[in-house]
Amino acid sequence: MIKRTNAAITRFIIHKVGNKFNDTKNAFSEQEVQFDEASYDLMLPFLLRPFGTVVQSHRFHHHANIKLNEINNYAETIFEDDANFIEVSKNIVKHLYEQSNSAQIKTGDVIVALFEGIEFNEITTNAVGIFKIESKSNFFQTYLENNSYDVAVQQGINTKKVDKGCLILNQTDAEGPIVFTVDNNNYDAQYWINNFLNIKYANDYNSHTQNYLELCKEFSTEVLKTSYGNQEQSIFLAKTVDFFKEREFVNVEEFKEEVFEDDKHKTLFDDYKKSFEGEQDVLILNQFDIAEPVVKKQKQKIKSEIKLDTQIQIKLDIDAPDAASEYLERGFDEDKKMYYYKVYFNTEG
């Protein structure tokens with residue numbers, strides 16, 4: 001994640017991107033935006049705020065040579081000489097346009113900005129930001145006419161969140177330039193991340209933690225829930241979260257011993273891990289350091305609920321790994337020919 005305390009916008013331009021599939025055209029600005037104080041003070045945090053909580057970073061990718069990655073080249077050109085900023089920003093929009101290969105890809109405003117004073121890992125650098133505004137919000141505008149006030153509906157950009165955005169730092173490591181991205185309108189996962197930016201997660205402990213937790217979530221849904229039911233899935237997820245909270249590193253063999261009591265489940269996990277690696281094109285390491293911020297973020301996405309067809313839901317505490325096995329009992333009622341859950345407790349909250 002980045003810090004924006006001393007950040008400033010030095011170049012800023014807005015274009016409009018069309019949709020190649022629908023044959024809607026791009027529209028380009030010839031001049032940069034000149035902010036007044038009020039709009040600048042609103043725009044700077046609007047663009048940078050989302051990246052203050054992004055834990056994982058990405059790196060540019062290309063099947064042949066990373067130097068052939070278009071956005072990598074455009075950002076490098078701006079960093080080398082920002083006199084080319086307007087022309088390069090147009091090329092960025094043209095590249096984005098070429099990725100709109102379906103009707104669901106939305107048209108919108110594209111902001112290209114150059115920032116200075118971005119802090120990352122105690123280093124201050126500049127950065128290129130690319131943002132796509134896909135949705136506008138309705139708002140009332142009051143106005144005076146004939147000595148009376150009236151209202152009209154107008155559309156504008158909602159300043160609460162960026163639809164899509166990336167921040168390319170002028171800072172590299174062994175894998176290349178450091179990239180952060182957000183996508184709050186994730187209707188097509190391929191469009192922004194893979195086709196436009198062509199980026200992949202950095203090969204660090206953040207991505208190792210992310211990949212392993214994704215593996216566990218998918219395994220719990222596709223194997224445990226399908227074959228053994230919601231209770232078994234919830235117990236596994238709670239034990240997984242507890243394991244990651246209590247340890248500084250993951251050893252796969254220790255993980256399996258901790259969360260599985262049945263050797264058959266260990267075998268199922270090993271088999272699923274192999275298929276997951278092949279389908280997702282990732283390598284799950286047998287041992288790696290745990291990234292605590294990633295665990296906290298992923299924990300919020302884990303839903304530990306049992307939804308029944310009788311319109312009843314049982315919500316389990318993800319931080320209490322033993323509760324589901326100790327105080328929840330599943331059975332089958334022969335008279336009603338229905339399954340049931342029996343819940344044990346001392347007092348009602």
# chains A, B, ... in the order shown; residues from 1 in each chain; ligands from 1
>>> residues_around(residues="A:Asp183", least_positions_apart="4", cutoff="12 Å", atoms="only C-alpha atoms", output="mmCIF file with C-alpha atoms, in the first residue's frame")
data_model
loop_
_atom_site.group_PDB
_atom_site.id
_atom_site.type_symbol
_atom_site.label_atom_id
_atom_site.label_comp_id
_atom_site.auth_asym_id
_atom_site.auth_seq_id
_atom_site.Cartn_x
_atom_site.Cartn_y
_atom_site.Cartn_z
ATOM 1 C CA PRO A 50 -8.262 3.460 -2.974
ATOM 2 C CA PHE A 51 -4.562 2.570 -3.118
ATOM 3 C CA VAL A 54 -4.355 -2.168 -1.472
ATOM 4 C CA ILE A 130 -4.822 5.642 -15.206
ATOM 5 C CA PHE A 131 -8.476 5.741 -14.159
ATOM 6 C CA LYS A 132 -11.682 4.805 -15.947
ATOM 7 C CA ILE A 133 -14.969 6.339 -14.798
ATOM 8 C CA GLU A 134 -17.732 4.031 -16.006
ATOM 9 C CA LYS A 161 -15.015 5.400 -5.292
ATOM 10 C CA VAL A 162 -13.058 4.932 -8.506
ATOM 11 C CA ASP A 163 -14.565 2.390 -10.899
ATOM 12 C CA LYS A 164 -11.238 1.203 -12.294
ATOM 13 C CA GLY A 165 -7.755 2.514 -11.649
ATOM 14 C CA CYS A 166 -4.079 1.666 -11.626
ATOM 15 C CA TYR A 187 -17.970 -7.257 -14.634
ATOM 16 C CA ASP A 188 -15.163 -8.610 -16.828
ATOM 17 C CA ALA A 189 -12.049 -9.759 -14.984
ATOM 18 C CA GLN A 190 -10.082 -10.161 -18.234
ATOM 19 C CA TYR A 191 -10.706 -6.671 -19.584
ATOM 20 C CA TRP A 192 -8.799 -4.445 -17.116
ATOM 21 C CA ILE A 193 -6.246 -6.713 -15.429
#
>>> residues_around(residues="A:Leu167", least_positions_apart="4", cutoff="6 Å", atoms="only C-alpha atoms", output="PyMOL selection string")
chain A and resi 128-129+179-180
>>> residues_around(residues="A:Glu232", least_positions_apart="2", cutoff="12 Å", atoms="only C-alpha atoms", output="ChimeraX atom specification")
/A:219-221,223-230,234-239,259-262,265,304-306,316,321-325,328-330
>>> closest_residue(among="A:Ala8, A:Ala113, A:Ile318, A:Ile14", to="A:Lys299", atoms="only C-alpha atoms")
A:Ile318
>>> residues_around(residues="A:Gln300", least_positions_apart="4", cutoff="12 Å", atoms="only C-alpha atoms", output="list in words")
Val241, Pro293, Val294, Val295, Lys296, Ser304, Asp317, Ile318 and Asp319 of chain A
>>> write_last_selection(atoms="C-alpha atoms", output="PDB file, in the first residue's frame")
ATOM      1  CA  VAL A 241      -8.219 -18.657   9.486  1.00  0.00           C
ATOM      2  CA  PRO A 293      -2.514  -7.670   6.037  1.00  0.00           C
ATOM      3  CA  VAL A 294      -3.574 -10.124   3.324  1.00  0.00           C
ATOM      4  CA  VAL A 295      -5.028 -12.487   5.940  1.00  0.00           C
ATOM      5  CA  LYS A 296      -7.044  -9.642   7.488  1.00  0.00           C
ATOM      6  CA  SER A 304     -19.253 -18.784   7.212  1.00  0.00           C
ATOM      7  CA  ASP A 317     -18.083 -17.265  14.013  1.00  0.00           C
ATOM      8  CA  ILE A 318     -15.028 -17.580  11.767  1.00  0.00           C
ATOM      9  CA  ASP A 319     -12.825 -16.780  14.796  1.00  0.00           C
TER      10      ASP A 319
END
>>> atom_distance(atom1="atom CA of A:Phe21", atom2="atom CA of A:Ser100")
6.2 Å
